[in-house]
$ cat start_33.txt   # compact mmCIF, C-alpha atoms
# COMPACT_ATOMS: atom_id res chain seq x y z
CA MET A 1 -14.96 -5.86 -19.49
CA SER A 2 -16.19 -2.50 -18.24
CA CYS A 3 -14.25 0.67 -18.54
CA SER A 4 -14.43 4.30 -17.41
CA LEU A 5 -13.92 7.40 -19.42
CA LEU A 6 -12.73 10.68 -17.95
CA VAL A 7 -12.70 13.74 -20.14
CA GLY A 8 -10.53 16.78 -19.74
CA VAL A 9 -10.63 19.82 -21.94
CA ALA A 10 -7.44 21.80 -21.88
CA ALA A 11 -7.33 25.39 -22.96
CA SER A 12 -4.69 26.16 -25.56
CA ALA A 13 -4.27 27.94 -28.87
CA GLU A 14 -6.03 25.02 -30.45
CA GLU A 15 -8.49 23.41 -28.10
CA LEU A 16 -7.57 19.83 -27.40
CA LYS A 17 -9.60 17.24 -25.59
CA ILE A 18 -7.87 14.63 -23.47
CA TYR A 19 -9.76 11.45 -22.67
CA LEU A 20 -8.62 8.94 -20.07
CA LYS A 21 -10.07 5.46 -20.17
CA THR A 22 -9.48 2.83 -17.50
CA THR A 23 -10.21 -0.84 -17.85
CA PRO A 24 -11.77 -2.04 -15.58
CA ALA A 25 -14.02 0.90 -14.80
CA LEU A 26 -13.17 3.33 -11.99
CA GLU A 27 -15.70 1.84 -9.54
CA PHE A 28 -14.05 -1.57 -9.89
CA LEU A 29 -10.48 -0.45 -9.27
CA ARG A 30 -9.00 -2.04 -6.15
CA PRO A 31 -5.48 -1.87 -4.68
CA PHE A 32 -3.17 -4.74 -5.63
CA ALA A 33 -5.98 -6.50 -7.48
CA ASP A 34 -5.32 -6.59 -11.21
CA PRO A 35 -3.29 -4.28 -13.41
CA VAL A 36 -5.40 -1.49 -14.87
CA THR A 37 -5.17 -0.67 -18.54
CA MET A 38 -4.87 3.10 -18.84
CA SER A 39 -5.53 4.65 -22.23
CA LEU A 40 -5.20 8.26 -23.24
CA LEU A 41 -6.81 9.74 -26.31
CA VAL A 42 -6.00 13.29 -27.41
CA THR A 43 -8.25 14.83 -30.01
CA ARG A 44 -8.62 18.18 -31.67
CA ALA A 45 -11.70 20.27 -31.14
CA ASP A 46 -13.35 18.70 -34.16
CA GLY A 47 -12.89 15.19 -32.75
CA ARG A 48 -10.00 14.13 -34.98
CA PRO A 49 -7.16 12.49 -33.04
CA LEU A 50 -3.89 14.40 -32.70
CA GLU A 51 -1.74 12.51 -35.21
CA ARG A 52 1.69 13.22 -33.74
CA GLY A 53 3.05 14.32 -30.44
CA SER A 54 4.09 12.99 -27.09
CA VAL A 55 2.48 12.81 -23.72
CA GLY A 56 4.21 13.22 -20.37
CA ILE A 57 2.60 11.27 -17.57
CA VAL A 58 3.08 11.85 -13.86
CA LEU A 59 1.18 9.73 -11.34
CA ASP A 60 1.15 10.75 -7.69
CA ALA A 61 -0.06 8.55 -4.82
CA PRO A 62 -3.06 9.50 -2.67
CA LYS A 63 -2.51 11.83 0.25
CA SER A 64 -2.27 10.44 3.76
CA GLY A 65 -5.50 9.95 5.66
CA ALA A 66 -6.46 12.13 8.61
CA PHE A 67 -6.13 9.35 11.21
CA LEU A 68 -5.60 5.86 9.87
CA SER A 69 -3.02 5.04 7.25
CA THR A 70 -3.15 2.53 4.44
CA ASP A 71 -1.10 -0.66 4.56
CA PHE A 72 1.69 1.10 2.60
CA PRO A 73 2.10 4.44 4.44
CA VAL A 74 5.51 5.12 2.88
CA VAL A 75 3.90 5.17 -0.56
CA GLU A 76 1.30 7.79 0.43
CA ASN A 77 1.79 11.24 -1.05
CA SER A 78 4.76 10.20 -3.14
CA ARG A 79 5.51 10.09 -6.85
CA LEU A 80 4.69 6.72 -8.34
CA LEU A 81 5.33 7.01 -12.02
CA GLU A 82 6.85 9.44 -14.46
CA LEU A 83 7.27 8.63 -18.12
CA ALA A 84 6.82 9.97 -21.61
CA LEU A 85 4.95 8.12 -24.32
CA PRO A 86 4.59 8.98 -27.99
CA LEU A 87 1.10 9.58 -29.28
CA ARG A 88 0.08 7.33 -32.12
CA GLN A 89 -3.12 8.46 -33.77
CA GLY A 90 -3.76 10.44 -30.61
CA ARG A 91 -3.45 7.38 -28.38
CA ALA A 92 -1.08 6.26 -25.66
CA GLY A 93 -1.51 3.48 -23.15
CA TRP A 94 0.11 1.60 -20.32
CA LYS A 95 -0.78 -0.86 -17.57
CA TYR A 96 -0.48 -0.09 -13.90
CA LEU A 97 -1.34 -1.80 -10.63
CA PHE A 98 -2.54 0.69 -8.02
CA PRO A 99 -0.91 -0.19 -4.68
CA ILE A 100 -3.14 1.57 -2.12
CA ARG A 101 -6.64 3.01 -1.75
CA GLY A 102 -7.32 6.71 -2.21
CA ASP A 103 -7.44 9.39 -4.87
CA TYR A 104 -4.52 9.22 -7.29
CA ARG A 105 -3.51 12.34 -9.18
CA LEU A 106 -2.58 11.88 -12.81
CA SER A 107 -0.99 14.79 -14.63
CA VAL A 108 -1.00 14.60 -18.40
CA ASN A 109 1.12 16.98 -20.47
CA VAL A 110 0.59 16.81 -24.20
CA VAL A 111 3.13 18.25 -26.60
CA GLY A 112 2.00 18.32 -30.19
CA SER A 113 4.32 17.98 -33.18
CA ASP A 114 3.89 21.71 -33.80
CA GLY A 115 5.12 22.50 -30.30
CA THR A 116 1.75 23.28 -28.73
CA LYS A 117 1.53 22.25 -25.11
CA THR A 118 -1.52 21.37 -23.09
CA ALA A 119 -1.92 19.89 -19.65
CA LYS A 120 -4.69 18.26 -17.69
CA ASN A 121 -5.00 16.68 -14.27
CA PHE A 122 -7.18 13.68 -13.57
CA VAL A 123 -8.21 12.19 -10.23
CA ILE A 124 -8.47 8.42 -10.14
CA PRO A 125 -10.30 7.15 -7.07
CA VAL A 126 -9.40 3.64 -5.93
CA LEU A 127 -11.62 2.08 -3.28
CA GLU A 128 -10.38 -0.41 -0.73
CA ASP A 129 -11.14 -4.09 -1.22
CA ARG A 130 -14.37 -4.97 0.62
CA THR A 131 -12.90 -8.18 1.99
CA LYS A 132 -10.28 -6.10 3.79
CA TRP A 133 -12.95 -4.00 5.49
CA LEU A 134 -14.76 -7.23 6.42
CA SER A 135 -11.53 -8.66 7.88
CA LEU A 136 -10.99 -5.46 9.85
CA GLY A 137 -14.57 -5.60 11.15
CA LEU A 138 -14.19 -9.22 12.26
CA PHE A 139 -10.86 -8.45 13.93
CA CYS A 140 -12.39 -5.51 15.80
CA ALA A 141 -15.35 -7.69 16.83
CA ALA A 142 -12.92 -10.30 18.18
CA LEU A 143 -11.09 -7.62 20.18
CA PHE A 144 -14.38 -6.32 21.56
CA ILE A 145 -15.41 -9.83 22.65
CA LEU A 146 -11.99 -10.28 24.27
CA GLY A 147 -12.46 -7.04 26.20
CA PHE A 148 -16.08 -7.88 27.02
CA THR A 149 -15.10 -11.27 28.46
CA ALA A 150 -12.25 -9.75 30.46
CA GLY A 151 -14.58 -7.02 31.74
CA ARG A 152 -17.01 -9.61 33.06
CA ILE A 153 -14.20 -11.61 34.68
CA PHE A 154 -12.63 -8.56 36.32
CA THR A 155 -15.93 -7.39 37.82
CA ALA A 156 -16.39 -8.94 41.29
CA ALA A 157 -14.61 -12.04 40.05
CA PRO A 158 -14.54 -15.25 42.04
CA ALA A 159 -11.14 -16.19 43.49
CA THR A 160 -10.51 -18.96 40.97
CA MET A 161 -11.02 -16.65 38.01
CA THR A 162 -8.76 -13.99 39.51
CA THR A 163 -6.05 -16.55 40.00
CA ALA A 164 -6.41 -17.64 36.38
CA TRP A 165 -6.15 -14.03 35.26
CA LEU A 166 -3.02 -13.39 37.34
CA ILE A 167 -1.37 -16.52 35.99
CA PHE A 168 -2.26 -15.37 32.48
CA SER A 169 -0.85 -11.90 33.01
CA CYS A 170 2.38 -13.35 34.45
CA LEU A 171 2.83 -15.78 31.57
CA VAL A 172 2.47 -13.17 28.85
CA THR A 173 5.60 -11.06 28.74
CA ALA A 174 5.70 -7.76 27.00
CA VAL A 175 8.48 -7.55 24.50
CA SER A 176 9.90 -4.12 23.80
CA GLY A 177 12.14 -2.74 21.11
CA HIS A 178 12.45 -4.02 17.59
CA ASP A 179 14.93 -4.53 14.87
CA GLY A 180 15.68 -1.93 12.28
CA PRO A 181 14.16 -2.15 8.87
CA VAL A 182 14.81 -5.33 7.02
CA SER A 183 17.25 -4.33 4.38
CA VAL A 184 17.83 -6.43 1.35
CA GLU A 185 21.16 -6.06 -0.33
CA ASN A 186 20.91 -4.69 -3.77
CA PHE A 187 22.85 -6.92 -6.05
CA ALA A 188 24.83 -5.49 -8.90
CA PRO A 189 22.98 -6.38 -12.07
CA PRO A 190 24.92 -7.76 -14.98
CA PRO A 191 25.49 -5.26 -17.80
CA THR A 192 22.43 -5.42 -20.00
CA ALA A 193 20.31 -3.05 -22.03
CA LEU A 194 18.42 -2.27 -18.81
CA GLU A 195 19.90 -0.05 -16.13
CA ILE A 196 17.97 0.08 -12.91
CA ALA A 197 19.02 2.29 -10.03
CA ALA A 198 18.91 1.08 -6.41
CA ALA A 199 15.25 0.63 -5.58
CA THR A 200 13.78 1.78 -2.28
CA VAL A 201 10.11 1.99 -1.30
CA GLY A 202 8.88 5.57 -1.13
CA LYS A 203 11.11 6.94 -3.87
CA PRO A 204 10.87 6.59 -7.64
CA THR A 205 13.54 4.41 -9.19
CA GLN A 206 15.03 5.30 -12.54
CA LEU A 207 14.80 2.61 -15.20
CA ARG A 208 16.80 3.17 -18.32
CA TRP A 209 16.80 1.05 -21.42
CA ARG A 210 19.71 1.65 -23.73
CA ALA A 211 20.07 0.29 -27.23
CA PRO A 212 23.12 -2.00 -27.26
CA ASP A 213 24.61 -0.76 -30.52
CA GLY A 214 23.79 2.91 -30.49
CA GLY A 215 20.18 2.47 -31.45
CA ALA A 216 18.15 2.27 -34.57
CA ALA A 217 15.23 4.24 -35.76
CA SER A 218 11.74 2.81 -35.18
CA THR A 219 12.78 0.36 -32.49
CA LEU A 220 9.72 -0.82 -30.59
CA LEU A 221 10.27 -1.33 -26.89
CA SER A 222 8.06 -3.19 -24.41
CA ILE A 223 8.75 -3.10 -20.69
CA SER A 224 6.94 -5.04 -17.99
CA ILE A 225 7.49 -5.18 -14.23
CA THR A 226 6.20 -8.17 -12.27
CA HIS A 227 5.83 -8.60 -8.50
CA LEU A 228 7.34 -12.05 -8.01
CA GLU A 229 5.70 -12.89 -4.68
CA LYS A 230 2.20 -11.94 -5.77
CA HIS A 231 2.73 -13.05 -9.39
CA LYS A 232 1.15 -9.83 -10.59
CA MET A 233 2.19 -7.46 -13.31
CA VAL A 234 2.49 -4.01 -11.75
CA PHE A 235 3.46 -1.99 -14.80
CA ALA A 236 3.75 -2.46 -18.55
CA VAL A 237 4.14 -0.45 -21.71
CA ASP A 238 3.94 -2.06 -25.12
CA ASN A 239 5.66 -1.23 -28.38
CA VAL A 240 6.89 2.25 -27.55
CA PRO A 241 8.90 3.69 -30.46
CA VAL A 242 12.38 4.58 -29.16
CA ASP A 243 15.70 5.58 -30.65
CA LYS A 244 18.80 5.26 -28.47
CA ASP A 245 17.35 4.96 -25.03
CA TYR A 246 14.19 5.16 -22.99
CA LEU A 247 13.86 6.52 -19.49
CA LEU A 248 11.14 6.19 -16.91
CA ASP A 249 10.76 6.68 -13.17
CA PHE A 250 8.83 4.00 -11.37
CA GLN A 251 8.26 3.55 -7.67
CA PHE A 252 8.30 -0.04 -6.45
CA PRO A 253 5.57 0.08 -3.78
CA ASP A 254 6.57 -2.98 -1.78
CA GLY A 255 9.83 -4.19 -0.24
CA ALA A 256 9.91 -7.37 -2.30
CA GLU A 257 11.48 -8.87 -5.41
CA TYR A 258 10.40 -7.73 -8.83
CA ARG A 259 11.27 -8.88 -12.31
CA VAL A 260 11.79 -6.29 -15.04
CA ASN A 261 11.48 -7.56 -18.59
CA SER A 262 12.19 -5.65 -21.75
CA ILE A 263 11.72 -6.69 -25.33
CA ALA A 264 13.17 -4.50 -28.07
CA GLN A 265 12.14 -5.18 -31.63
CA PHE A 266 14.63 -3.81 -34.13
CA PRO A 267 13.66 -3.49 -37.76
CA GLY A 268 14.99 -6.42 -39.75
CA ARG A 269 16.35 -8.25 -36.71
CA GLY A 270 15.12 -10.59 -34.03
CA PRO A 271 13.86 -9.20 -30.71
CA LEU A 272 16.32 -8.44 -27.92
CA ARG A 273 15.03 -9.71 -24.59
CA THR A 274 16.37 -8.56 -21.25
CA GLU A 275 15.37 -9.70 -17.81
CA GLN A 276 16.53 -8.30 -14.51
CA LEU A 277 15.58 -9.04 -10.92
CA VAL A 278 15.22 -6.11 -8.56
CA ALA A 279 15.36 -6.55 -4.80
CA VAL A 280 13.54 -3.53 -3.41
CA THR A 281 14.61 -2.23 -0.01
CA GLY A 282 11.62 -1.96 2.28
CA VAL A 283 11.19 1.02 4.55
CA GLU A 284 9.84 0.55 8.05
CA PRO A 285 6.57 2.47 8.44
CA PRO A 286 6.88 5.55 10.66
CA MET A 287 5.59 5.31 14.23
CA ALA A 288 3.08 8.06 13.44
CA ALA A 289 1.41 5.66 11.00
CA GLN A 290 1.47 2.68 13.38
CA VAL A 291 0.20 4.31 16.57
CA PRO A 292 -3.34 5.23 15.34
CA ALA A 293 -4.17 1.64 14.35
CA LEU A 294 -2.86 0.25 17.65
CA ALA A 295 -4.73 2.96 19.58
CA LEU A 296 -7.92 2.07 17.73
CA PHE A 297 -7.56 -1.60 18.60
CA LEU A 298 -6.83 -0.83 22.27
CA ALA A 299 -9.81 1.53 22.41
CA ILE A 300 -12.06 -1.27 21.15
CA ILE A 301 -10.73 -3.63 23.85
CA ALA A 302 -11.30 -0.91 26.47
CA LEU A 303 -14.83 -0.44 25.17
CA GLY A 304 -15.36 -4.18 25.52
CA LEU A 305 -14.03 -4.07 29.08
CA GLY A 306 -16.53 -1.37 29.99
CA ALA A 307 -19.40 -3.18 28.29
CA GLY A 308 -18.48 -6.44 30.01
CA ARG A 309 -18.42 -4.80 33.42
CA PHE A 310 -21.70 -3.04 32.75
CA SER A 311 -23.40 -6.29 31.69
CA LYS A 312 -22.09 -8.10 34.77
CA ILE A 313 -23.38 -5.39 37.10
CA LEU A 314 -26.75 -5.40 35.35
CA ALA A 315 -26.98 -9.18 35.60
CA ALA A 316 -26.16 -9.07 39.33
CA ARG A 317 -29.05 -6.68 40.09
CA MET B 1 -4.75 -14.77 45.31
CA GLU B 2 -6.43 -11.47 46.01
CA ARG B 3 -6.77 -12.33 49.70
CA THR B 4 -3.08 -13.24 49.87
CA LEU B 5 -2.14 -9.92 48.35
CA VAL B 6 -4.41 -8.09 50.78
CA THR B 7 -2.71 -9.87 53.70
CA TRP B 8 0.72 -8.96 52.39
CA LEU B 9 -0.06 -5.33 51.64
CA GLY B 10 -2.08 -4.73 54.77
CA PHE B 11 -4.86 -2.91 52.97
CA SER B 12 -7.49 -3.73 50.41
CA PHE B 13 -8.73 -2.01 47.26
CA ALA B 14 -12.29 -1.16 46.50
CA GLU B 15 -13.82 -3.37 43.82
CA ARG B 16 -13.90 -0.47 41.38
CA GLN B 17 -10.21 0.34 41.92
CA LEU B 18 -9.32 -3.31 41.55
CA PHE B 19 -11.20 -3.43 38.24
CA LEU B 20 -9.27 -0.43 36.98
CA ILE B 21 -5.92 -1.92 38.01
CA LYS B 22 -6.73 -5.25 36.37
CA SER B 23 -8.00 -3.54 33.25
CA GLY B 24 -4.88 -1.37 33.07
CA ILE B 25 -2.59 -4.38 33.27
CA PHE B 26 -4.76 -6.27 30.79
CA LEU B 27 -4.69 -3.39 28.29
CA SER B 28 -0.90 -3.11 28.68
CA VAL B 29 -0.49 -6.80 27.92
CA CYS B 30 -2.88 -6.52 24.95
CA GLY B 31 -1.04 -3.42 23.68
CA ALA B 32 2.33 -5.17 23.87
CA THR B 33 0.93 -8.25 22.13
CA LEU B 34 -0.66 -6.15 19.38
CA PHE B 35 2.55 -4.19 18.92
CA VAL B 36 4.65 -7.33 18.54
CA ALA B 37 2.11 -8.93 16.22
CA LEU B 38 1.21 -5.97 14.03
CA ALA B 39 3.89 -3.31 14.35
CA SER B 40 7.25 -4.90 15.11
CA SER B 41 9.68 -5.92 12.41
CA TYR B 42 10.99 -9.17 13.90
CA PRO B 43 11.44 -11.23 10.73
CA ALA B 44 9.76 -14.34 12.14
CA VAL B 45 6.70 -12.46 13.40
CA HIS B 46 6.57 -10.10 10.43
CA ASP B 47 6.79 -12.85 7.83
CA THR B 48 4.18 -14.97 9.59
CA LEU B 49 1.67 -12.16 9.99
CA HIS B 50 2.53 -10.21 6.84
CA ASN B 51 -0.68 -11.15 5.06
CA VAL B 52 -2.74 -10.49 8.19
CA ARG B 53 -1.34 -6.96 8.40
CA HIS B 54 -2.27 -6.22 4.81
CA ALA B 55 -5.67 -7.89 5.20
CA LEU B 56 -6.61 -5.46 7.98
CA ALA B 57 -6.35 -2.44 5.62
CA VAL B 58 -5.25 0.03 8.31
CA VAL B 59 -2.16 -1.69 9.67
CA PRO B 60 1.02 -0.25 8.10
CA CYS B 61 3.56 -2.57 6.56
CA HIS B 62 6.43 -2.15 4.16
$ encode --input "start_33.txt" --output "structure tokens"
Amino acid sequence: MSCSLLVGVAASAEELKIYLKTTPALEFLRPFADPVTMSLLVTRADGRPLERGSVGIVLDAPKSGAFLSTDFPVVENSRLLELALPLRQGRAGWKYLFPIRGDYRLSVNVVGSDGTKTAKNFVIPVLEDRTKWLSLGLFCAALFILGFTAGRIFTAAPATMTTAWLIFSCLVTAVSGHDGPVSVENFAPPPTALEIAAATVGKPTQLRWRAPDGGAASTLLSISITHLEKHKMVFAVDNVPVDKDYLLDFQFPDGAEYRVNSIAQFPGRGPLRTEQLVAVTGVEPPMAAQVPALALFLAIIALGLGAGRFSKILAAR
Amino acid sequence: MERTLVTWLGFSFAERQLFLIKSGIFLSVCGATLFVALASSYPAVHDTLHNVRHALAVVPCH
């Protein structure tokens, strides 16, 4: 398994170094592929890990593209994750599934046990899956061939072909207007240790774990979020020391069903498991994100039409 | 069909104009079809082509 290491040196009273490691390595990160293990290591200037402290993590989605959007335009330029993790021997880690391509911005704020604060921003580039680009290329080629064929037919066409075209154009009816966004009712979850606010794509959702009996020191909490349709884990933290409660903001990137699991291990007792299903309300992509893709596809058909006509005229000479 | 239309209308189009008219109608039909297939939110169409939308990388979905 390959991994990438990003280093950030933050200026403070005592110079701290913040290392970010991703597994798999940065060049292998793909949207909605596999969850990425993110590991932070905070060391002092002499290389010794910062024994105690906490780290605040804020992950922001890539900015919107200049012309074409990603397949989740509502997620672009929004906050994806916000949580705090305790540093243990200078380390903190979590798992995350990146939903779209682009440059993610990760802000890391370290607070040492002595109150010293340091911050560092990382950029995590995620490339698009090559098979998606291949699919897009094949689709565009098919549109071009469609336009090319039509261009040849429309140029000085024989009567039979014209008739066939007119019949075709009469049969296909343009349908206008569309329904509003598909909204899924958020069901009221049963009272458990997990409290999850109403989840909507594009906005972070607050997840709160609360100890059922007021909490106990050195409780270890693990939380995982799974996309049920894709059967993929999209987020996980393991064995985070908590007291009474634990709070994190997580954006569900897709209007689908997710399962949130938590396991709390209390000292001297058996683990407390909680499971909750979350139906995320999808948000219809804005027209501004849809029009460029449709315009691109129509432009390719128009290009095919012109090429088809040109080839027919050339062949006739 | 073209000859029938010419008889009805009483005038004929140049071949170039006819090509543009046909192409315009063809592009309109293609645009409407693409919109329904890739941009509308009709549950039946959306659910059927959901994976296709995501596979094309530049088609927005939710």
$ closest_atom_pairs --input "start_33.txt" --of "segment 217-317 of chain A" --to "segment 17-38 of chain B" --cutoff "10 Å" --atoms "all atoms listed in the file" --output "CSV"
residue,atom,partner,partner_atom,distance
A:Gln290,CA,B:Leu38,CA,8.7
A:Val291,CA,B:Phe35,CA,9.1
A:Ala293,CA,B:Leu38,CA,9.3
A:Leu294,CA,B:Leu34,CA,7.0
A:Ala295,CA,B:Gly31,CA,8.4
A:Phe297,CA,B:Leu34,CA,8.3
A:Leu298,CA,B:Gly31,CA,6.5
A:Ala299,CA,B:Leu27,CA,9.2
A:Ile301,CA,B:Leu27,CA,7.5
A:Ala302,CA,B:Leu27,CA,7.3
A:Leu305,CA,B:Ser23,CA,7.4
A:Gly306,CA,B:Ser23,CA,9.4
A:Arg309,CA,B:Phe19,CA,8.8
$ atom_distance --input "start_33.txt" --atom1 "atom CA of Ala256 of chain A" --atom2 "atom CA of Trp133 of chain A"
24.4 Å
$ atom_distance --input "start_33.txt" --atom1 "atom CA of Lys95 of chain A" --atom2 "atom CA of Trp209 of chain A"
18.1 Å
$ closest_residue --input "start_33.txt" --among "A:Leu87, A:Ala264, A:Ile100, A:Val242" --to "chain B" --atoms "all atoms listed in the file"
A:Ile100
$ residues_around --input "start_33.txt" --residues "segment 47-49 of chain A" --least-positions-apart "5" --cutoff "8 Å" --atoms "all atoms listed in the file" --output "ChimeraX atom specification"
/A:41-42,89-91
$ closest_residue --input "start_33.txt" --among "A:Leu40, A:Leu134, A:Ala119, A:Ile225" --to "chain B" --atoms "only C-alpha atoms"
A:Leu134
$ interface_residues --input "start_33.txt" --of "chain B" --to "chain A" --cutoff "6 Å" --atoms "only C-alpha atoms" --output "ChimeraX atom specification"
/B:1,19,32,40-41,54-62
$ atom_distance --input "start_33.txt" --atom1 "atom CA of Phe252 of chain A" --atom2 "atom CA of Thr219 of chain A"
26.4 Å
$ residues_around --input "start_33.txt" --residues "His231 of chain A" --least-positions-apart "6" --cutoff "12 Å" --atoms "only C-alpha atoms" --output "list of chain:residue names"
A:Phe32, A:Ala33, A:Asp34, A:Pro35, A:Ile225, A:Ala256, A:Glu257, A:Tyr258, A:Arg259
$ closest_residue --input "start_33.txt" --among "A:Ser78, A:Val260, A:Lys117, A:Pro86" --to "Met233 of chain A" --atoms "all atoms listed in the file"
A:Val260
$ closest_residue --input "start_33.txt" --among "A:Lys120, A:Lys312, A:Arg30, A:Arg88" --to "Ser54 of chain A" --atoms "only C-alpha atoms"
A:Arg88
$ closest_residue --input "start_33.txt" --among "A:Ala45, A:Ile313, A:Val36, A:Leu277" --to "Ile124 of chain A" --atoms "only C-alpha atoms"
A:Val36
$ decode --input "start_33.txt" --residues "segment 34-53 of chain B" --atoms "N, CA and C atoms" --output "compact mmCIF listing (two decimals), in the first residue's frame"
# COMPACT_ATOMS: atom_id res chain seq x y z
N LEU B 34 -31.57 15.04 -24.63
CA LEU B 34 -30.45 15.07 -23.68
C LEU B 34 -30.90 15.65 -22.35
N PHE B 35 -31.76 16.67 -22.41
CA PHE B 35 -32.23 17.28 -21.16
C PHE B 35 -33.02 16.27 -20.33
N VAL B 36 -33.95 15.58 -21.02
CA VAL B 36 -34.76 14.60 -20.29
C VAL B 36 -33.87 13.49 -19.72
N ALA B 37 -32.92 13.05 -20.54
CA ALA B 37 -32.09 11.92 -20.11
C ALA B 37 -31.09 12.29 -19.03
N LEU B 38 -30.50 13.47 -19.14
CA LEU B 38 -29.36 13.78 -18.27
C LEU B 38 -29.59 14.91 -17.27
N ALA B 39 -30.67 15.66 -17.43
CA ALA B 39 -30.84 16.81 -16.54
C ALA B 39 -32.17 16.84 -15.80
N SER B 40 -33.15 16.09 -16.28
CA SER B 40 -34.45 16.16 -15.61
C SER B 40 -34.44 15.28 -14.36
N SER B 41 -35.43 15.49 -13.51
CA SER B 41 -35.46 14.72 -12.26
C SER B 41 -36.68 13.80 -12.20
N TYR B 42 -37.21 13.43 -13.38
CA TYR B 42 -38.29 12.43 -13.37
C TYR B 42 -37.73 11.18 -12.70
N PRO B 43 -38.38 10.68 -11.66
CA PRO B 43 -37.79 9.54 -10.93
C PRO B 43 -37.45 8.36 -11.84
N ALA B 44 -38.36 8.02 -12.76
CA ALA B 44 -38.11 6.83 -13.60
C ALA B 44 -36.87 7.03 -14.46
N VAL B 45 -36.77 8.21 -15.08
CA VAL B 45 -35.61 8.48 -15.95
C VAL B 45 -34.35 8.64 -15.11
N HIS B 46 -34.49 9.40 -14.03
CA HIS B 46 -33.32 9.66 -13.17
C HIS B 46 -32.74 8.36 -12.60
N ASP B 47 -33.62 7.51 -12.09
CA ASP B 47 -33.13 6.28 -11.46
C ASP B 47 -32.49 5.35 -12.48
N THR B 48 -33.07 5.33 -13.70
CA THR B 48 -32.53 4.45 -14.73
C THR B 48 -31.15 4.93 -15.19
N LEU B 49 -31.02 6.23 -15.34
CA LEU B 49 -29.77 6.77 -15.91
C LEU B 49 -28.84 7.38 -14.85
N HIS B 50 -29.14 7.10 -13.59
CA HIS B 50 -28.33 7.68 -12.51
C HIS B 50 -26.84 7.35 -12.66
N ASN B 51 -26.56 6.09 -12.90
CA ASN B 51 -25.16 5.68 -13.02
C ASN B 51 -24.51 6.25 -14.27
N VAL B 52 -25.31 6.39 -15.34
CA VAL B 52 -24.77 6.98 -16.58
C VAL B 52 -24.35 8.42 -16.33
N ARG B 53 -25.21 9.15 -15.61
CA ARG B 53 -24.88 10.56 -15.30
C ARG B 53 -23.55 10.66 -14.57
